[in-house]
Amino acid sequence: MVLAFAGFREILGKERELRLLEGATVKELLEELALANPRFKEAAFDESGELRDYVLLMVNRKRIDPLQDLSRTLQEGDELAIFPPLAGG
Amino acid sequence: MVLAFAGFREILGKERELRLLEGATVKELLEELALANPRFKEAAFDESGELRDYVLLMVNRKRIDPLQDLSRTLQEGDELAIFPPLAGG
Amino acid sequence: MIEITEAEISLDEMIRRARSKDAGAMVTFLGTVRDDGMEGLEVEAFREAAQAELEAIREEAMSRFHLMAAEVVHRTGSLAVGESIVAIVCSAAHREEAFSGCRYIIEELKKRAPLWKKEMGEKGERWVGRT
Amino acid sequence: MIEITEAEISLDEMIRRARSKDAGAMVTFLGTVRDDGMEGLEVEAFREAAQAELEAIREEAMSRFHLMAAEVVHRTGSLAVGESIVAIVCSAAHREEAFSGCRYIIEELKKRAPLWKKEMGEKGERWVGRT
C-alpha cells in the first residue's frame, strides 16, 4: 500500500495498492511510481535520478532514512508513505 | 497619609492620616508608629532598632530604598505605603 | 488591558480581545490556587500602584517582544483551591515572542507588583513570602 | 488527550480537563492562521501516524517536565485567517515546568508530526515548508 500526502497526494492520489515483485526495494517501488507518472518523477527525483532532499518516507509509520534505507525490501502488507517536509502547528 | 498592606494592614489598619512635624523624615514617621503600636514595633524593627529586611516602603507609589531613603523628609500630602515582600500571581 | 478585580477571570474574553489576524501565536499563563494542604487564598492588592506597575510591565513586554496584544487580569479577595489567581494572554506574529512576552510579564509581576497572598488553612493563616 | 479533528477547538474544554488542585500553573499555546496576504489554510494530516507521534511527544513532555496534564488538539481541513490551528494546554505544580512542557510539545510537533499546511490565496495555492 502506498500513501501520499500534501503535494504528493495531489500527484499520486491519497492511497493505492501496488503489486510488488518478490524482493522489491523501496527504491524500486519509487522508480516504478516515477515511470508511471512523469509529474511524480519530476517532483521526487532530480536530473541525475537521485531522490530529492525534501522527499520524506515512512514504512509502516516509521520514518526511514533516504540515504540508507532505500535498499530495504518491502513485504506483502507493508505501508509506504511519501510526503514533503512537515509543517504542522 | 499612611497605607499598610497584608500583615502590616492587620496591625496598623488599612490607612490613616498622621499629623507630621515640619521636616519629619520617613524614619521618624515609622518610629512614631512603632511608639504608638508595640505590635508594629515588633514586626517592623529588630532588637537594635533597625528596620527589618522584609519591610518594603513606597512614597507616593514609588519604592524607596530603606538603606538610603529613610532620611527623606515628607511633605504635606505625601503618601507612605508599608508592606511585606510581594507575592502576587 | 490590565485589570485587578474581585470577579472571576474569563480567559475566553481575554483571548477574544487578544486575537488579531496578524498574530500567528498566542500564549496564555494561568496561575491557580494549588492545594498545599490549604483551603484557599486571600489576595490583597495596593490597587492603584499595582495597576500602574502592571501597565508599565505590559508596555515593556509589548515593545521588547513585539507583541500584538497583552492582557493581564489579577484577582483579589477570597479564592478556592483550583481557581485562577492571575491570567496573562500574549499574542505575537511568532511563537518565540509570544512565549517570551508571557513569561516576562509573569516574572516581572511577581517581582514588582504590590500584591499579596495569604494562605487560609485549618491550622490558621499565613502571609506568603514573609520570612 | 490528543485529538486531530476537523471541528473547531474548544480551549475552554481543554483547560477544564487540564485543571487540577495540584497544579499551580497552566500554560497554553494557540497557533492561529496569520494573515500573510492569504485567505486561509488547508491542513492535512497522516492521521494515524500523527496521533501516535503526538501521543509519544505528550508522554515525553509529561515525564520530562513533571506535568499534571497535557492536552493537544490539532485541526485539519479548511481554516480561515484568525482561526486556531493547534492548541496545547499544560499544567504543572510550578510555572517553569508548565512553560517548558508547552514549549517542548509545540517544537516537537513541528519537527515530528506528519501534518501539512497549504496556503490558499488569491494568487493560488502553496504547500508550506516545501522548497
# chains A, B, ... in the order shown; residues from 1 in each chain; ligands from 1
>>> select_by_dssp(residues="chain C", states="strand (DSSP E or B)", output="PyMOL selection string")
chain C and resi 2-5+25-32+40-45+67-75+77-80+84-92+115-121+124-127
>>> residues_around(residues="Leu57 in chain B", least_positions_apart="6", cutoff="9 Å", atoms="only C-alpha atoms", output="ChimeraX atom specification")
/B:63-66,80-84
>>> residues_around(residues="Pro85 in chain A", least_positions_apart="5", cutoff="8 Å", atoms="only C-alpha atoms", output="list in words")
Tyr54, Val55 and Leu56 of chain A; Trp116, Gly129 and Arg130 of chain D
>>> closest_atom_pairs(of="chain C", to="chain A", cutoff="12 Å", atoms="only C-alpha atoms", output="JSON lines")
{"residue": "C:Gly24", "atom": "CA", "partner": "A:Gly89", "partner_atom": "CA", "distance": 9.8}
{"residue": "C:Ala25", "atom": "CA", "partner": "A:Gly89", "partner_atom": "CA", "distance": 9.7}
{"residue": "C:His94", "atom": "CA", "partner": "A:Gly89", "partner_atom": "CA", "distance": 11.4}
{"residue": "C:Arg95", "atom": "CA", "partner": "A:Gly89", "partner_atom": "CA", "distance": 10.3}
>>> write_last_selection(atoms="N, CA and C atoms", output="PDB file, in the first residue's frame")
ATOM      1  N   GLY C  24       0.159  35.012  14.808  1.00  0.00           N
ATOM      2  CA  GLY C  24       0.210  33.595  14.464  1.00  0.00           C
ATOM      3  C   GLY C  24       0.348  32.730  15.707  1.00  0.00           C
ATOM      4  N   ALA C  25       0.551  33.378  16.862  1.00  0.00           N
ATOM      5  CA  ALA C  25       0.771  32.629  18.095  1.00  0.00           C
ATOM      6  C   ALA C  25       0.174  33.373  19.277  1.00  0.00           C
ATOM      7  N   HIS C  94       4.920  35.475  15.912  1.00  0.00           N
ATOM      8  CA  HIS C  94       5.557  34.154  16.015  1.00  0.00           C
ATOM      9  C   HIS C  94       5.597  33.665  17.456  1.00  0.00           C
ATOM     10  N   ARG C  95       5.743  32.346  17.620  1.00  0.00           N
ATOM     11  CA  ARG C  95       5.601  31.762  18.955  1.00  0.00           C
ATOM     12  C   ARG C  95       6.713  32.145  19.913  1.00  0.00           C
TER      13      ARG C  95
END
>>> residues_around(residues="Lys41 in chain A", least_positions_apart="6", cutoff="9 Å", atoms="only C-alpha atoms", output="list in words")
Leu30, Glu31, Leu33, Ala34, Leu35 and Gly49 of chain A
>>> write_last_selection(atoms="all heavy atoms", output="mmCIF file, in the first residue's frame")
data_model
loop_
_atom_site.group_PDB
_atom_site.id
_atom_site.type_symbol
_atom_site.label_atom_id
_atom_site.label_comp_id
_atom_site.auth_asym_id
_atom_site.auth_seq_id
_atom_site.Cartn_x
_atom_site.Cartn_y
_atom_site.Cartn_z
ATOM 1 N N LEU A 30 9.619 3.260 -5.751
ATOM 2 C CA LEU A 30 9.565 4.688 -6.101
ATOM 3 C C LEU A 30 9.824 4.866 -7.602
ATOM 4 O O LEU A 30 9.179 5.701 -8.260
ATOM 5 C CB LEU A 30 10.584 5.489 -5.277
ATOM 6 C CG LEU A 30 10.287 5.595 -3.774
ATOM 7 C CD1 LEU A 30 11.472 6.212 -3.041
ATOM 8 C CD2 LEU A 30 9.016 6.423 -3.531
ATOM 9 N N GLU A 31 10.754 4.109 -8.138
ATOM 10 C CA GLU A 31 11.064 4.228 -9.565
ATOM 11 C C GLU A 31 9.898 3.744 -10.424
ATOM 12 O O GLU A 31 9.632 4.309 -11.484
ATOM 13 C CB GLU A 31 12.353 3.459 -9.870
ATOM 14 C CG GLU A 31 13.574 4.229 -9.345
ATOM 15 C CD GLU A 31 14.869 3.411 -9.378
ATOM 16 O OE1 GLU A 31 14.802 2.195 -9.607
ATOM 17 O OE2 GLU A 31 15.926 4.011 -9.152
ATOM 18 N N LEU A 33 6.764 3.999 -9.541
ATOM 19 C CA LEU A 33 5.797 5.114 -9.489
ATOM 20 C C LEU A 33 6.218 6.223 -10.442
ATOM 21 O O LEU A 33 5.381 6.837 -11.118
ATOM 22 C CB LEU A 33 5.695 5.669 -8.067
ATOM 23 C CG LEU A 33 4.962 4.796 -7.037
ATOM 24 C CD1 LEU A 33 5.191 5.340 -5.628
ATOM 25 C CD2 LEU A 33 3.464 4.726 -7.353
ATOM 26 N N ALA A 34 7.523 6.511 -10.512
ATOM 27 C CA ALA A 34 8.045 7.589 -11.372
ATOM 28 C C ALA A 34 7.847 7.247 -12.845
ATOM 29 O O ALA A 34 7.516 8.116 -13.660
ATOM 30 C CB ALA A 34 9.519 7.831 -11.068
ATOM 31 N N LEU A 35 8.036 6.008 -13.161
ATOM 32 C CA LEU A 35 7.881 5.548 -14.539
ATOM 33 C C LEU A 35 6.440 5.725 -15.011
ATOM 34 O O LEU A 35 6.169 6.137 -16.144
ATOM 35 C CB LEU A 35 8.257 4.061 -14.605
ATOM 36 C CG LEU A 35 8.833 3.553 -15.929
ATOM 37 C CD1 LEU A 35 10.145 4.281 -16.234
ATOM 38 C CD2 LEU A 35 9.085 2.043 -15.828
ATOM 39 N N GLY A 49 18.642 11.451 -11.281
ATOM 40 C CA GLY A 49 17.920 10.265 -10.835
ATOM 41 C C GLY A 49 17.996 10.011 -9.337
ATOM 42 O O GLY A 49 17.556 8.969 -8.852
#
>>> interface_residues(of="chain D", to="chain C", cutoff="6 Å", atoms="only C-alpha atoms", output="list of chain:residue names")
D:Lys21, D:Asp22, D:Ala23, D:Gly24, D:Ala25, D:Met26, D:Val27, D:Thr28, D:Phe29, D:Leu30, D:Gly31, D:Thr32, D:Val33, D:Arg34, D:Asp35, D:Gly82
>>> select_by_dssp(residues="chain B", states="alpha helix (DSSP H)", output="MDAnalysis selection string")
chainID B and resid 7:12 26:36 38:44
>>> write_last_selection(atoms="C-alpha atoms", output="tab-separated table (two decimals), in the first residue's frame")
chain	number	residue	atom	x	y	z
B	7	GLY	CA	0.41	41.70	57.61
B	8	PHE	CA	1.05	45.39	58.28
B	9	ARG	CA	-2.54	46.24	57.41
B	10	GLU	CA	-3.68	43.77	60.03
B	11	ILE	CA	-1.54	45.58	62.60
B	12	LEU	CA	-1.93	49.21	61.55
B	26	VAL	CA	10.32	58.64	56.85
B	27	LYS	CA	12.33	57.16	59.73
B	28	GLU	CA	10.74	59.48	62.25
B	29	LEU	CA	7.29	58.63	60.98
B	30	LEU	CA	7.97	54.88	61.28
B	31	GLU	CA	9.32	55.37	64.81
B	32	GLU	CA	6.24	57.33	65.77
B	33	LEU	CA	4.08	54.46	64.52
B	34	ALA	CA	6.23	52.00	66.49
B	35	LEU	CA	5.93	54.03	69.65
B	36	ALA	CA	2.16	54.04	69.40
B	38	PRO	CA	4.10	47.70	70.07
B	39	ARG	CA	2.95	45.03	67.58
B	40	PHE	CA	4.11	47.23	64.72
B	41	LYS	CA	7.41	47.90	66.53
B	42	GLU	CA	7.96	44.15	66.90
B	43	ALA	CA	7.01	43.44	63.29
B	44	ALA	CA	8.98	46.24	61.68
>>> residues_around(residues="range 77-79 of chain D", least_positions_apart="4", cutoff="10 Å", atoms="only C-alpha atoms", output="PyMOL selection string")
chain D and resi 5-8+32-33+39-45+83-85+117-120
>>> write_last_selection(atoms="C-alpha atoms", output="short mmCIF file (atom, residue, chain, number, x, y, z; two decimals), in the first residue's frame")
data_model
loop_
_atom_site.label_atom_id
_atom_site.label_comp_id
_atom_site.auth_asym_id
_atom_site.auth_seq_id
_atom_site.Cartn_x
_atom_site.Cartn_y
_atom_site.Cartn_z
CA THR D 5 -10.06 16.92 14.29
CA GLU D 6 -11.99 18.84 11.66
CA ALA D 7 -14.05 20.51 14.40
CA GLU D 8 -13.35 23.89 15.97
CA THR D 32 -3.51 30.72 14.64
CA VAL D 33 -3.83 31.42 10.93
CA GLU D 39 -7.25 33.86 2.51
CA GLY D 40 -6.91 30.72 4.58
CA LEU D 41 -5.22 27.41 5.11
CA GLU D 42 -5.88 23.78 4.28
CA VAL D 43 -4.45 21.44 6.89
CA GLU D 44 -3.78 17.80 6.04
CA ALA D 45 -2.73 15.01 8.39
CA GLU D 83 -8.77 30.59 13.45
CA SER D 84 -6.77 28.27 15.68
CA ILE D 85 -4.74 25.53 14.00
CA LYS D 117 -0.44 23.28 5.63
CA LYS D 118 -1.40 24.70 2.28
CA GLU D 119 -1.84 28.44 1.98
CA MET D 120 -4.83 29.44 -0.10
#
